[in-house]
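entry_32.pdb follows (PDB, C-alpha atoms):
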ATOM      1  CA  MET A   1     135.882  72.062 147.356
ATOM      2  CA  ASP A   2     136.873  75.681 146.756
ATOM      3  CA  GLN A   3     136.900  75.366 142.979
ATOM      4  CA  ARG A   4     133.467  73.780 142.867
ATOM      5  CA  ILE A   5     131.958  76.482 145.086
ATOM      6  CA  LYS A   6     133.457  79.133 142.820
ATOM      7  CA  GLU A   7     131.946  77.421 139.781
ATOM      8  CA  ALA A   8     128.606  77.153 141.594
ATOM      9  CA  VAL A   9     128.578  80.888 142.401
ATOM     10  CA  ASP A  10     129.563  81.775 138.832
ATOM     11  CA  LEU A  11     126.881  79.515 137.393
ATOM     12  CA  PHE A  12     124.241  80.934 139.728
ATOM     13  CA  THR A  13     125.148  84.493 138.625
ATOM     14  CA  GLU A  14     125.180  83.551 134.946
ATOM     15  CA  VAL A  15     121.833  81.782 135.117
ATOM     16  CA  MET A  16     120.424  84.809 136.936
ATOM     17  CA  VAL A  17     121.794  87.393 134.471
ATOM     18  CA  TYR A  18     121.296  85.529 131.193
ATOM     19  CA  GLY A  19     118.029  84.076 132.424
ATOM     20  CA  THR A  20     116.650  87.525 133.194
ATOM     21  CA  GLU A  21     117.787  88.739 129.771
ATOM     22  CA  LYS A  22     116.115  85.805 128.015
ATOM     23  CA  VAL A  23     112.911  86.140 129.989
ATOM     24  CA  ILE A  24     112.678  89.874 129.268
ATOM     25  CA  LYS A  25     113.188  89.263 125.563
ATOM     26  CA  SER A  26     110.837  86.308 125.323
ATOM     27  CA  VAL A  27     107.914  86.687 127.684
ATOM     28  CA  ASP A  28     105.261  88.408 125.649
ATOM     29  CA  HIS A  29     102.852  89.754 128.212
ATOM     30  CA  PRO A  30     101.512  93.329 128.435
ATOM     31  CA  LEU A  31     102.562  93.505 132.124
ATOM     32  CA  TRP A  32     106.173  92.929 131.155
ATOM     33  CA  LYS A  33     106.012  95.899 128.813
ATOM     34  CA  GLU A  34     104.466  98.128 131.447
ATOM     35  CA  TYR A  35     106.682  97.261 134.419
ATOM     36  CA  SER A  36     110.443  96.787 134.614
ATOM     37  CA  PRO A  37     111.884  93.584 136.099
ATOM     38  CA  GLU A  38     112.953  95.551 139.195
ATOM     39  CA  GLN A  39     109.450  96.894 139.702
ATOM     40  CA  LEU A  40     107.968  93.416 139.498
ATOM     41  CA  GLN A  41     110.697  92.029 141.740
ATOM     42  CA  MET A  42     109.995  94.790 144.244
ATOM     43  CA  LEU A  43     106.292  93.986 144.161
ATOM     44  CA  LYS A  44     107.170  90.366 144.912
ATOM     45  CA  LEU A  45     109.420  91.409 147.807
ATOM     46  CA  ILE A  46     106.708  93.600 149.318
ATOM     47  CA  SER A  47     104.286  90.716 149.001
ATOM     48  CA  LYS A  48     106.721  88.267 150.683
ATOM     49  CA  GLU A  49     107.690  90.655 153.466
ATOM     50  CA  GLY A  50     104.139  91.661 154.322
ATOM     51  CA  GLN A  51     104.943  95.175 155.482
ATOM     52  CA  VAL A  52     108.281  96.705 154.670
ATOM     53  CA  THR A  53     110.099 100.074 154.718
ATOM     54  CA  SER A  54     111.710 101.590 151.648
ATOM     55  CA  SER A  55     115.112 101.354 153.385
ATOM     56  CA  ARG A  56     114.753  97.606 153.724
ATOM     57  CA  LEU A  57     113.696  97.324 150.075
ATOM     58  CA  ALA A  58     116.870  99.202 149.131
ATOM     59  CA  VAL A  59     118.925  96.671 151.126
ATOM     60  CA  LEU A  60     117.101  93.698 149.601
ATOM     61  CA  GLN A  61     117.459  94.983 146.064
ATOM     62  CA  ALA A  62     121.037  96.007 146.876
ATOM     63  CA  VAL A  63     120.703  99.487 145.422
ATOM     64  CA  HIS A  64     120.922 103.034 146.679
ATOM     65  CA  LYS A  65     117.808 104.524 148.315
ATOM     66  CA  SER A  66     117.414 107.048 145.476
ATOM     67  CA  ALA A  67     116.969 104.266 142.926
ATOM     68  CA  ILE A  68     114.266 102.719 145.082
ATOM     69  CA  SER A  69     112.142 105.887 145.325
ATOM     70  CA  SER A  70     111.146 106.005 141.668
ATOM     71  CA  ARG A  71     110.195 102.323 141.654
ATOM     72  CA  ILE A  72     108.039 102.829 144.732
ATOM     73  CA  LYS A  73     106.453 105.946 143.239
ATOM     74  CA  LYS A  74     105.335 104.077 140.135
ATOM     75  CA  LEU A  75     103.849 101.205 142.150
ATOM     76  CA  LEU A  76     102.030 103.675 144.414
ATOM     77  CA  GLN A  77     100.661 105.614 141.429
ATOM     78  CA  LYS A  78      99.350 102.418 139.874
ATOM     79  CA  GLU A  79      97.889 101.474 143.287
ATOM     80  CA  LEU A  80      99.673  98.134 143.317
ATOM     81  CA  ILE A  81     101.029  99.010 146.765
ATOM     82  CA  ARG A  82      99.896 101.375 149.500
ATOM     83  CA  ILE A  83     101.219 102.932 152.679
ATOM     84  CA  ALA A  84     100.104 100.719 155.542
ATOM     85  CA  GLU A  85      98.264 102.009 158.573
ATOM     86  CA  THR A  86     100.672 101.446 161.440
ATOM     87  CA  GLU A  87     100.759 102.390 165.091
ATOM     88  CA  ASP A  88     103.977 104.338 164.799
ATOM     89  CA  LYS A  89     103.201 107.107 162.324
ATOM     90  CA  ARG A  90     106.878 107.993 161.940
ATOM     91  CA  ILE A  91     107.687 104.740 160.190
ATOM     92  CA  LYS A  92     106.264 104.435 156.699
ATOM     93  CA  MET A  93     105.517 100.832 155.888
ATOM     94  CA  LEU A  94     104.532  99.655 152.433
ATOM     95  CA  GLU A  95     102.189  96.768 151.682
ATOM     96  CA  ILE A  96     100.722  95.193 148.571
ATOM     97  CA  THR A  97      97.113  95.923 147.491
ATOM     98  CA  GLU A  98      94.671  93.471 145.994
ATOM     99  CA  ALA A  99      95.359  94.925 142.549
ATOM    100  CA  GLY A 100      99.064  94.382 143.217
ATOM    101  CA  SER A 101      98.518  90.751 144.169
ATOM    102  CA  GLU A 102      96.611  90.226 140.938
ATOM    103  CA  VAL A 103      99.369  91.796 138.836
ATOM    104  CA  LEU A 104     101.900  89.615 140.630
ATOM    105  CA  GLU A 105      99.873  86.483 140.022
ATOM    106  CA  GLN A 106      99.528  87.227 136.306
ATOM    107  CA  SER A 107     103.195  88.059 135.970
ATOM    108  CA  ASP A 108     104.188  84.887 137.843
ATOM    109  CA  ARG A 109     101.937  82.795 135.653
ATOM    110  CA  ALA A 110     103.462  84.197 132.435
ATOM    111  CA  LEU A 111     106.955  83.593 133.807
ATOM    112  CA  THR A 112     106.191  80.058 135.002
ATOM    113  CA  GLU A 113     104.597  79.099 131.680
ATOM    114  CA  TYR A 114     107.609  80.364 129.775
ATOM    115  CA  ILE A 115     110.124  78.590 131.995
ATOM    116  CA  GLU A 116     108.112  75.385 131.852
ATOM    117  CA  LYS A 117     108.204  75.524 128.038
ATOM    118  CA  LEU A 118     111.913  76.307 128.084
ATOM    119  CA  MET A 119     112.813  73.479 130.440
ATOM    120  CA  SER A 120     110.289  70.758 129.689
ATOM    121  CA  GLU A 121     112.235  68.861 127.048
ATOM    122  CA  GLN A 122     115.620  69.118 128.654
ATOM    123  CA  ILE A 123     115.255  69.047 132.391
ATOM    124  CA  GLU A 124     114.267  65.773 133.994
ATOM    125  CA  ASP A 125     111.657  65.492 136.658
ATOM    126  CA  LYS A 126     114.244  64.190 139.097
ATOM    127  CA  GLU A 127     116.343  67.320 138.560
ATOM    128  CA  ILE A 128     113.484  69.625 139.449
ATOM    129  CA  ASP A 129     113.046  67.659 142.682
ATOM    130  CA  GLU A 130     116.766  67.927 143.465
ATOM    131  CA  PHE A 131     116.613  71.658 142.772
ATOM    132  CA  LEU A 132     113.658  72.093 145.157
ATOM    133  CA  VAL A 133     115.300  70.078 147.956
ATOM    134  CA  LEU A 134     118.569  71.992 147.677
ATOM    135  CA  PHE A 135     117.047  75.451 147.345
ATOM    136  CA  ARG A 136     114.657  74.926 150.261
ATOM    137  CA  LYS A 137     117.753  74.093 152.281
ATOM    138  CA  LEU A 138     119.711  77.089 150.956
ATOM    139  CA  LYS A 139     116.822  79.360 151.875
ATOM    140  CA  GLU A 140     116.812  77.977 155.427
ATOM    141  CA  ILE A 141     120.576  78.512 155.750
ATOM    142  CA  LEU A 142     120.253  82.104 154.542
ATOM    143  CA  LYS A 143     117.464  82.805 157.011
ATOM    144  CA  MET A 144     119.580  81.723 159.972
ATOM    145  CA  ASP A 145     121.365  84.368 161.982
ATOM    146  CA  GLY A 146     124.906  84.587 163.101
ATOM    147  CA  VAL A 147     126.671  82.927 160.194
TER     148      VAL A 147
ATOM    149  CA  MET B 148     104.588  70.388 137.078
ATOM    150  CA  ASP B 149     103.365  73.991 137.064
ATOM    151  CA  GLN B 150     103.340  74.310 140.838
ATOM    152  CA  ARG B 151     106.859  72.937 141.218
ATOM    153  CA  ILE B 152     108.227  75.307 138.575
ATOM    154  CA  LYS B 153     106.591  78.222 140.355
ATOM    155  CA  GLU B 154     108.175  77.139 143.635
ATOM    156  CA  ALA B 155     111.527  76.733 141.883
ATOM    157  CA  VAL B 156     111.364  80.265 140.447
ATOM    158  CA  ASP B 157     110.322  81.700 143.809
ATOM    159  CA  LEU B 158     113.115  79.864 145.616
ATOM    160  CA  PHE B 159     115.687  80.997 143.060
ATOM    161  CA  THR B 160     114.596  84.623 143.539
ATOM    162  CA  GLU B 161     114.596  84.322 147.321
ATOM    163  CA  VAL B 162     118.042  82.731 147.449
ATOM    164  CA  MET B 163     119.305  85.476 145.132
ATOM    165  CA  VAL B 164     117.778  88.362 147.121
ATOM    166  CA  TYR B 165     118.355  87.109 150.673
ATOM    167  CA  GLY B 166     121.719  85.632 149.694
ATOM    168  CA  THR B 167     122.910  88.982 148.352
ATOM    169  CA  GLU B 168     121.702  90.681 151.519
ATOM    170  CA  LYS B 169     123.507  88.177 153.723
ATOM    171  CA  VAL B 170     126.718  88.359 151.719
ATOM    172  CA  ILE B 171     126.742  92.157 151.798
ATOM    173  CA  LYS B 172     126.239  92.153 155.551
ATOM    174  CA  SER B 173     128.744  89.411 156.284
ATOM    175  CA  VAL B 174     131.658  89.541 153.877
ATOM    176  CA  ASP B 175     134.189  91.716 155.562
ATOM    177  CA  HIS B 176     136.546  92.736 152.796
ATOM    178  CA  PRO B 177     137.688  96.290 151.966
ATOM    179  CA  LEU B 178     136.663  95.794 148.322
ATOM    180  CA  TRP B 179     133.100  95.185 149.386
ATOM    181  CA  LYS B 180     133.070  98.517 151.182
ATOM    182  CA  GLU B 181     134.516 100.364 148.198
ATOM    183  CA  TYR B 182     132.368  98.890 145.436
ATOM    184  CA  SER B 183     128.644  98.197 145.330
ATOM    185  CA  PRO B 184     127.373  94.714 144.432
ATOM    186  CA  GLU B 185     126.220  96.064 141.062
ATOM    187  CA  GLN B 186     129.649  97.484 140.306
ATOM    188  CA  LEU B 187     131.313  94.163 141.084
ATOM    189  CA  GLN B 188     128.668  92.293 139.120
ATOM    190  CA  MET B 189     129.231  94.629 136.182
ATOM    191  CA  LEU B 190     132.979  94.035 136.385
ATOM    192  CA  LYS B 191     132.308  90.306 136.242
ATOM    193  CA  LEU B 192     130.004  90.713 133.240
ATOM    194  CA  ILE B 193     132.610  92.770 131.367
ATOM    195  CA  SER B 194     135.183  90.110 132.163
ATOM    196  CA  LYS B 195     132.901  87.307 130.925
ATOM    197  CA  GLU B 196     131.803  89.117 127.781
ATOM    198  CA  GLY B 197     135.311  90.169 126.760
ATOM    199  CA  GLN B 198     134.325  93.391 125.008
ATOM    200  CA  VAL B 199     130.904  94.843 125.570
ATOM    201  CA  THR B 200     128.910  98.035 124.949
ATOM    202  CA  SER B 201     127.222  99.975 127.727
ATOM    203  CA  SER B 202     123.848  99.277 126.076
ATOM    204  CA  ARG B 203     124.398  95.544 126.375
ATOM    205  CA  LEU B 204     125.445  95.945 130.017
ATOM    206  CA  ALA B 205     122.163  97.785 130.636
ATOM    207  CA  VAL B 206     120.270  94.844 129.105
ATOM    208  CA  LEU B 207     122.235  92.271 131.114
ATOM    209  CA  GLN B 208     121.776  94.115 134.392
ATOM    210  CA  ALA B 209     118.159  94.793 133.442
ATOM    211  CA  VAL B 210     118.303  98.492 134.279
ATOM    212  CA  HIS B 211     117.923 101.758 132.431
ATOM    213  CA  LYS B 212     120.954 103.121 130.553
ATOM    214  CA  SER B 213     121.205 106.099 132.918
ATOM    215  CA  ALA B 214     121.785 103.809 135.909
ATOM    216  CA  ILE B 215     124.573 102.068 134.020
ATOM    217  CA  SER B 216     126.513 105.258 133.241
ATOM    218  CA  SER B 217     127.502 106.041 136.820
ATOM    219  CA  ARG B 218     128.632 102.461 137.468
ATOM    220  CA  ILE B 219     130.782 102.561 134.325
ATOM    221  CA  LYS B 220     132.192 105.967 135.258
ATOM    222  CA  LYS B 221     133.400 104.705 138.644
ATOM    223  CA  LEU B 222     135.037 101.609 137.134
ATOM    224  CA  LEU B 223     136.730 103.747 134.464
ATOM    225  CA  GLN B 224     137.980 106.234 137.070
ATOM    226  CA  LYS B 225     139.457 103.426 139.151
ATOM    227  CA  GLU B 226     140.975 102.007 135.932
ATOM    228  CA  LEU B 227     139.366  98.624 136.475
ATOM    229  CA  ILE B 228     137.992  98.826 132.931
ATOM    230  CA  ARG B 229     139.011 100.768 129.825
ATOM    231  CA  ILE B 230     137.617 101.687 126.432
ATOM    232  CA  ALA B 231     138.866  99.072 123.992
ATOM    233  CA  GLU B 232     140.655  99.946 120.781
ATOM    234  CA  THR B 233     138.300  98.770 118.066
ATOM    235  CA  GLU B 234     138.183  99.095 114.283
ATOM    236  CA  ASP B 235     134.868 100.873 114.252
ATOM    237  CA  LYS B 236     135.484 104.056 116.233
ATOM    238  CA  ARG B 237     131.760 104.790 116.459
ATOM    239  CA  ILE B 238     131.108 101.849 118.748
ATOM    240  CA  LYS B 239     132.526 102.217 122.235
ATOM    241  CA  MET B 240     133.455  98.833 123.651
ATOM    242  CA  LEU B 241     134.484  98.317 127.260
ATOM    243  CA  GLU B 242     136.973  95.731 128.474
ATOM    244  CA  ILE B 243     138.508  94.774 131.803
ATOM    245  CA  THR B 244     142.050  95.864 132.731
ATOM    246  CA  GLU B 245     144.623  93.825 134.596
ATOM    247  CA  ALA B 246     143.840  95.812 137.766
ATOM    248  CA  GLY B 247     140.171  94.975 137.210
ATOM    249  CA  SER B 248     140.902  91.272 136.893
ATOM    250  CA  GLU B 249     142.822  91.390 140.161
ATOM    251  CA  VAL B 250     139.970  93.138 141.966
ATOM    252  CA  LEU B 251     137.570  90.550 140.581
ATOM    253  CA  GLU B 252     139.763  87.680 141.699
ATOM    254  CA  GLN B 253     140.034  89.059 145.240
ATOM    255  CA  SER B 254     136.336  89.741 145.454
ATOM    256  CA  ASP B 255     135.518  86.252 144.134
ATOM    257  CA  ARG B 256     137.869  84.680 146.648
ATOM    258  CA  ALA B 257     136.255  86.514 149.588
ATOM    259  CA  LEU B 258     132.804  85.503 148.351
ATOM    260  CA  THR B 259     133.752  81.877 147.775
ATOM    261  CA  GLU B 260     135.371  81.566 151.206
ATOM    262  CA  TYR B 261     132.292  82.985 152.885
ATOM    263  CA  ILE B 262     129.878  80.736 151.010
ATOM    264  CA  GLU B 263     132.056  77.702 151.694
ATOM    265  CA  LYS B 264     131.942  78.485 155.410
ATOM    266  CA  LEU B 265     128.196  79.056 155.274
ATOM    267  CA  MET B 266     127.464  75.808 153.423
ATOM    268  CA  SER B 267     130.124  73.403 154.618
ATOM    269  CA  GLU B 268     128.261  71.899 157.539
ATOM    270  CA  GLN B 269     124.878  71.704 155.945
ATOM    271  CA  ILE B 270     125.253  71.010 152.278
ATOM    272  CA  GLU B 271     126.411  67.570 151.247
ATOM    273  CA  ASP B 272     129.046  66.971 148.632
ATOM    274  CA  LYS B 273     126.524  65.134 146.490
ATOM    275  CA  GLU B 274     124.276  68.195 146.507
ATOM    276  CA  ILE B 275     127.027  70.453 145.208
ATOM    277  CA  ASP B 276     127.572  68.015 142.358
ATOM    278  CA  GLU B 277     123.848  67.944 141.563
ATOM    279  CA  PHE B 278     123.814  71.746 141.610
ATOM    280  CA  LEU B 279     126.734  71.917 139.177
ATOM    281  CA  VAL B 280     125.217  69.378 136.761
ATOM    282  CA  LEU B 281     121.857  71.126 136.750
ATOM    283  CA  PHE B 282     123.189  74.677 136.469
ATOM    284  CA  ARG B 283     125.617  73.795 133.657
ATOM    285  CA  LYS B 284     122.581  72.457 131.827
ATOM    286  CA  LEU B 285     120.459  75.541 132.643
ATOM    287  CA  LYS B 286     123.238  77.773 131.326
ATOM    288  CA  GLU B 287     123.342  75.806 128.059
ATOM    289  CA  ILE B 288     119.558  76.069 127.677
ATOM    290  CA  LEU B 289     119.688  79.829 128.240
ATOM    291  CA  LYS B 290     122.442  80.262 125.680
ATOM    292  CA  MET B 291     120.393  78.593 122.952
ATOM    293  CA  ASP B 292     118.481  80.768 120.525
ATOM    294  CA  GLY B 293     114.945  80.620 119.418
ATOM    295  CA  VAL B 294     113.252  79.385 122.550
TER     296      VAL B 294
END
Serialized structure, structure tokens:
Amino acid sequence: MDQRIKEAVDLFTEVMVYGTEKVIKSVDHPLWKEYSPEQLQMLKLISKEGQVTSSRLAVLQAVHKSAISSRIKKLLQKELIRIAETEDKRIKMLEITEAGSEVLEQSDRALTEYIEKLMSEQIEDKEIDEFLVLFRKLKEILKMDGV
Amino acid sequence: MDQRIKEAVDLFTEVMVYGTEKVIKSVDHPLWKEYSPEQLQMLKLISKEGQVTSSRLAVLQAVHKSAISSRIKKLLQKELIRIAETEDKRIKMLEITEAGSEVLEQSDRALTEYIEKLMSEQIEDKEIDEFLVLFRKLKEILKMDGV
């Protein structure tokens, strides 16, 4: 088992790293020139989380808080995110704006179209289904506490 | 097709982000306190690439060159990597040292053991095999040019 898990982790990392590289080089969309992959990923995280602090974003993107600040600043300036109105004024929560949701949708569409083109001739329908079943399960496992 | 690819991309991102978070919180190994996930990922990339420039590392980790410099500096200081002797003195290539390979092996082992524990009761053997088949294929697709 051990050896297969190690290969699985290595493959996941390689697909992530080389996939990101390929996507950055190949997706020809003005949004991808304007925003870095981390900025778009952060926008996606804010959208998924609903309302989120910058500290939590730093944890989720696994970087130091200082690296997060400049990404947040850019998204705030472009009004893709805003500071949410919350009951406790001491905690600054970020949330996505409508403009941010639109940017995210466009960026997702460009990415999906590219990946579809890349995969269509070589990945079978059955494999996409297997991927979805497994990754839905992985997501559930990761969301559980106490493991 | 489109909708399934979008879900696949979203799931991949979520498993990556929430998986990294979970691993950072849960893997209790001194190496994981000493080095950040990016530093360990960079060490792995240098190991995989053989010899590599800092510019290429910046591309592969999808960050600005300035963010790469401090990661490299730490790995050089700890002698986990070194500047390779190359014919063209103008190009600085980095390579992993023996100490670096050992750190990587230990870190990989801790990660693999944790993931094995996390998955063992819930992921079937067949699913690991499907994952390996699909991800070997994805890696091949990403390595091809001109797509």
Could you tell me which residues the ChimeraX specification (/A :<8) & /B grabs in this file, written as number ranges by chain? B: 149, 151-156, 158-159, 161-162, 164-169, 173, 184-185, 206-210, 255, 259-260, 262-263, 265-266, 274-275, 277-279, 281-283, 285-286, 288-290, 294
Could you pull the residues within 9 Å of Thr53 (chain A), counting all atoms listed in the file, minus those fewer than 6 positions along the same chain, as an mmCIF file with C-alpha atoms, keeping the file's coordinate frame?
data_model
loop_
_atom_site.group_PDB
_atom_site.id
_atom_site.type_symbol
_atom_site.label_atom_id
_atom_site.label_comp_id
_atom_site.auth_asym_id
_atom_site.auth_seq_id
_atom_site.Cartn_x
_atom_site.Cartn_y
_atom_site.Cartn_z
ATOM 1 C CA ILE A 91 107.687 104.740 160.190
ATOM 2 C CA LYS A 92 106.264 104.435 156.699
ATOM 3 C CA MET A 93 105.517 100.832 155.888
ATOM 4 C CA LEU A 94 104.532 99.655 152.433
#
Which of B:Ser213, B:Gln198, B:Ser254, B:Gln186 sits closest to Glu232 (chain B) [using only C-alpha atoms]: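 Nearest candidate to Glu232 (chain B) out of B:Ser213, B:Gln198, B:Ser254, B:Gln186: B:Gln198.
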Fit chain A to chain B: least squares, all C-alpha atoms, paired in order; write the output as a compact mmCIF listing (two decimals) with C-alpha atoms, in the coordinates of the input.
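So selection_6.txt came out as:
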# COMPACT_ATOMS: atom_id res chain seq x y z
CA MET A 1 104.57 70.38 137.08
CA ASP A 2 103.39 73.99 137.07
CA GLN A 3 103.36 74.32 140.84
CA ARG A 4 106.87 72.96 141.21
CA ILE A 5 108.25 75.32 138.56
CA LYS A 6 106.61 78.24 140.35
CA GLU A 7 108.19 77.14 143.62
CA ALA A 8 111.55 76.75 141.87
CA VAL A 9 111.39 80.29 140.44
CA ASP A 10 110.34 81.71 143.81
CA LEU A 11 113.13 79.87 145.60
CA PHE A 12 115.70 81.01 143.05
CA THR A 13 114.61 84.65 143.54
CA GLU A 14 114.61 84.35 147.32
CA VAL A 15 118.04 82.75 147.44
CA MET A 16 119.30 85.49 145.13
CA VAL A 17 117.79 88.38 147.12
CA TYR A 18 118.37 87.13 150.67
CA GLY A 19 121.71 85.66 149.69
CA THR A 20 122.91 89.00 148.34
CA GLU A 21 121.70 90.71 151.51
CA LYS A 22 123.51 88.21 153.73
CA VAL A 23 126.71 88.37 151.71
CA ILE A 24 126.74 92.18 151.79
CA LYS A 25 126.25 92.18 155.55
CA SER A 26 128.75 89.43 156.27
CA VAL A 27 131.66 89.56 153.87
CA ASP A 28 134.21 91.73 155.57
CA HIS A 29 136.56 92.75 152.81
CA PRO A 30 137.71 96.30 151.98
CA LEU A 31 136.67 95.79 148.32
CA TRP A 32 133.09 95.20 149.38
CA LYS A 33 133.09 98.53 151.19
CA GLU A 34 134.53 100.36 148.21
CA TYR A 35 132.37 98.89 145.44
CA SER A 36 128.64 98.19 145.34
CA PRO A 37 127.37 94.71 144.43
CA GLU A 38 126.22 96.07 141.05
CA GLN A 39 129.65 97.49 140.30
CA LEU A 40 131.31 94.17 141.09
CA GLN A 41 128.66 92.29 139.13
CA MET A 42 129.23 94.62 136.19
CA LEU A 43 132.97 94.03 136.39
CA LYS A 44 132.29 90.30 136.27
CA LEU A 45 130.00 90.72 133.25
CA ILE A 46 132.60 92.76 131.37
CA SER A 47 135.17 90.10 132.16
CA LYS A 48 132.87 87.28 130.93
CA GLU A 49 131.79 89.10 127.79
CA GLY A 50 135.29 90.13 126.76
CA GLN A 51 134.31 93.35 125.02
CA VAL A 52 130.89 94.82 125.58
CA THR A 53 128.90 98.04 124.97
CA SER A 54 127.20 99.97 127.74
CA SER A 55 123.83 99.26 126.09
CA ARG A 56 124.38 95.54 126.39
CA LEU A 57 125.43 95.93 130.03
CA ALA A 58 122.16 97.78 130.65
CA VAL A 59 120.25 94.84 129.12
CA LEU A 60 122.22 92.27 131.12
CA GLN A 61 121.78 94.11 134.39
CA ALA A 62 118.16 94.80 133.43
CA VAL A 63 118.30 98.49 134.28
CA HIS A 64 117.91 101.75 132.44
CA LYS A 65 120.95 103.10 130.56
CA SER A 66 121.20 106.09 132.93
CA ALA A 67 121.77 103.81 135.91
CA ILE A 68 124.56 102.06 134.04
CA SER A 69 126.52 105.24 133.25
CA SER A 70 127.49 106.03 136.83
CA ARG A 71 128.63 102.46 137.46
CA ILE A 72 130.77 102.55 134.33
CA LYS A 73 132.19 105.95 135.27
CA LYS A 74 133.39 104.69 138.64
CA LEU A 75 135.03 101.60 137.14
CA LEU A 76 136.73 103.74 134.48
CA GLN A 77 137.98 106.23 137.09
CA LYS A 78 139.45 103.42 139.15
CA GLU A 79 140.97 101.98 135.94
CA LEU A 80 139.36 98.60 136.49
CA ILE A 81 137.98 98.81 132.95
CA ARG A 82 139.00 100.73 129.85
CA ILE A 83 137.61 101.65 126.46
CA ALA A 84 138.86 99.05 124.00
CA GLU A 85 140.64 99.90 120.79
CA THR A 86 138.28 98.74 118.07
CA GLU A 87 138.16 99.04 114.31
CA ASP A 88 134.84 100.84 114.28
CA LYS A 89 135.46 104.03 116.25
CA ARG A 90 131.74 104.77 116.50
CA ILE A 91 131.10 101.83 118.77
CA LYS A 92 132.52 102.19 122.26
CA MET A 93 133.45 98.82 123.67
CA LEU A 94 134.47 98.30 127.27
CA GLU A 95 136.96 95.71 128.49
CA ILE A 96 138.49 94.76 131.81
CA THR A 97 142.05 95.85 132.74
CA GLU A 98 144.61 93.81 134.62
CA ALA A 99 143.84 95.79 137.77
CA GLY A 100 140.17 94.95 137.22
CA SER A 101 140.90 91.25 136.89
CA GLU A 102 142.82 91.38 140.16
CA VAL A 103 139.98 93.14 141.98
CA LEU A 104 137.57 90.55 140.59
CA GLU A 105 139.75 87.68 141.71
CA GLN A 106 140.04 89.06 145.25
CA SER A 107 136.34 89.75 145.45
CA ASP A 108 135.52 86.26 144.15
CA ARG A 109 137.86 84.68 146.65
CA ALA A 110 136.25 86.53 149.59
CA LEU A 111 132.80 85.52 148.36
CA THR A 112 133.75 81.88 147.77
CA GLU A 113 135.38 81.58 151.20
CA TYR A 114 132.30 82.99 152.88
CA ILE A 115 129.89 80.74 151.00
CA GLU A 116 132.06 77.72 151.68
CA LYS A 117 131.95 78.49 155.41
CA LEU A 118 128.20 79.07 155.25
CA MET A 119 127.46 75.84 153.41
CA SER A 120 130.12 73.42 154.60
CA GLU A 121 128.26 71.90 157.54
CA GLN A 122 124.87 71.70 155.93
CA ILE A 123 125.26 71.02 152.25
CA GLU A 124 126.42 67.57 151.22
CA ASP A 125 129.06 66.98 148.63
CA LYS A 126 126.55 65.15 146.46
CA GLU A 127 124.29 68.22 146.47
CA ILE A 128 127.03 70.48 145.19
CA ASP A 129 127.58 68.02 142.34
CA GLU A 130 123.86 67.96 141.54
CA PHE A 131 123.81 71.76 141.59
CA LEU A 132 126.75 71.93 139.15
CA VAL A 133 125.23 69.39 136.74
CA LEU A 134 121.87 71.15 136.70
CA PHE A 135 123.21 74.69 136.44
CA ARG A 136 125.63 73.81 133.64
CA LYS A 137 122.59 72.48 131.81
CA LEU A 138 120.48 75.56 132.61
CA LYS A 139 123.25 77.78 131.31
CA GLU A 140 123.35 75.82 128.04
CA ILE A 141 119.56 76.10 127.65
CA LEU A 142 119.69 79.86 128.23
CA LYS A 143 122.45 80.27 125.67
CA MET A 144 120.41 78.60 122.94
CA ASP A 145 118.50 80.77 120.52
CA GLY A 146 114.95 80.61 119.40
CA VAL A 147 113.26 79.38 122.55
Two-atom distance - CA of Gly197 (chain B), CA of Leu178 (chain B) (Å): 22.3 Å
Ranking A:Leu104, A:Glu121, A:Lys126, A:Ala110 by minimum distance to Asp28 (chain A) and counting all atoms listed in the file, which one comes first?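 Comparing A:Leu104, A:Glu121, A:Lys126, A:Ala110 against Asp28 (chain A), the winner is A:Ala110.
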Long-range neighbours of region 78-80 of chain A as a PyMOL selection string, 6 Å cut-off, all atoms listed in the file, 6 positions minimum in chain: chain A and resi 97+99-100
Atomic separation - CA of Glu242 (chain B) relative to CA of Arg229 (chain B), Å: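 These atoms are spaced 5.6 Å apart.
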Go ahead and fit an axis-aligned box to every listed atom of region 201-205 of chain B plus 5 Å each side, and pass me the centre and edge lengths in Å, one decimal, as AutoDock Vina command-line options.
--center_x 124.7 --center_y 97.8 --center_z 128.4 --size_x 15.1 --size_y 14.4 --size_z 14.6
Test item: the PyMOL selection byres ((chain B and resi 218) around 10) resolved as a PyMOL selection string: chain B and resi 182-183+185-187+189-190+213-217+219-223
Separation of CA of Leu57 (chain A) from CA of Trp32 (chain A) in Å: 20.8 Å
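Between Thr86 (chain A) and the residues A:Ser47, A:Val52, A:Ala58, A:Ser101, the shortest atom-to-atom distance, using only C-alpha atoms, involves A:Val52.
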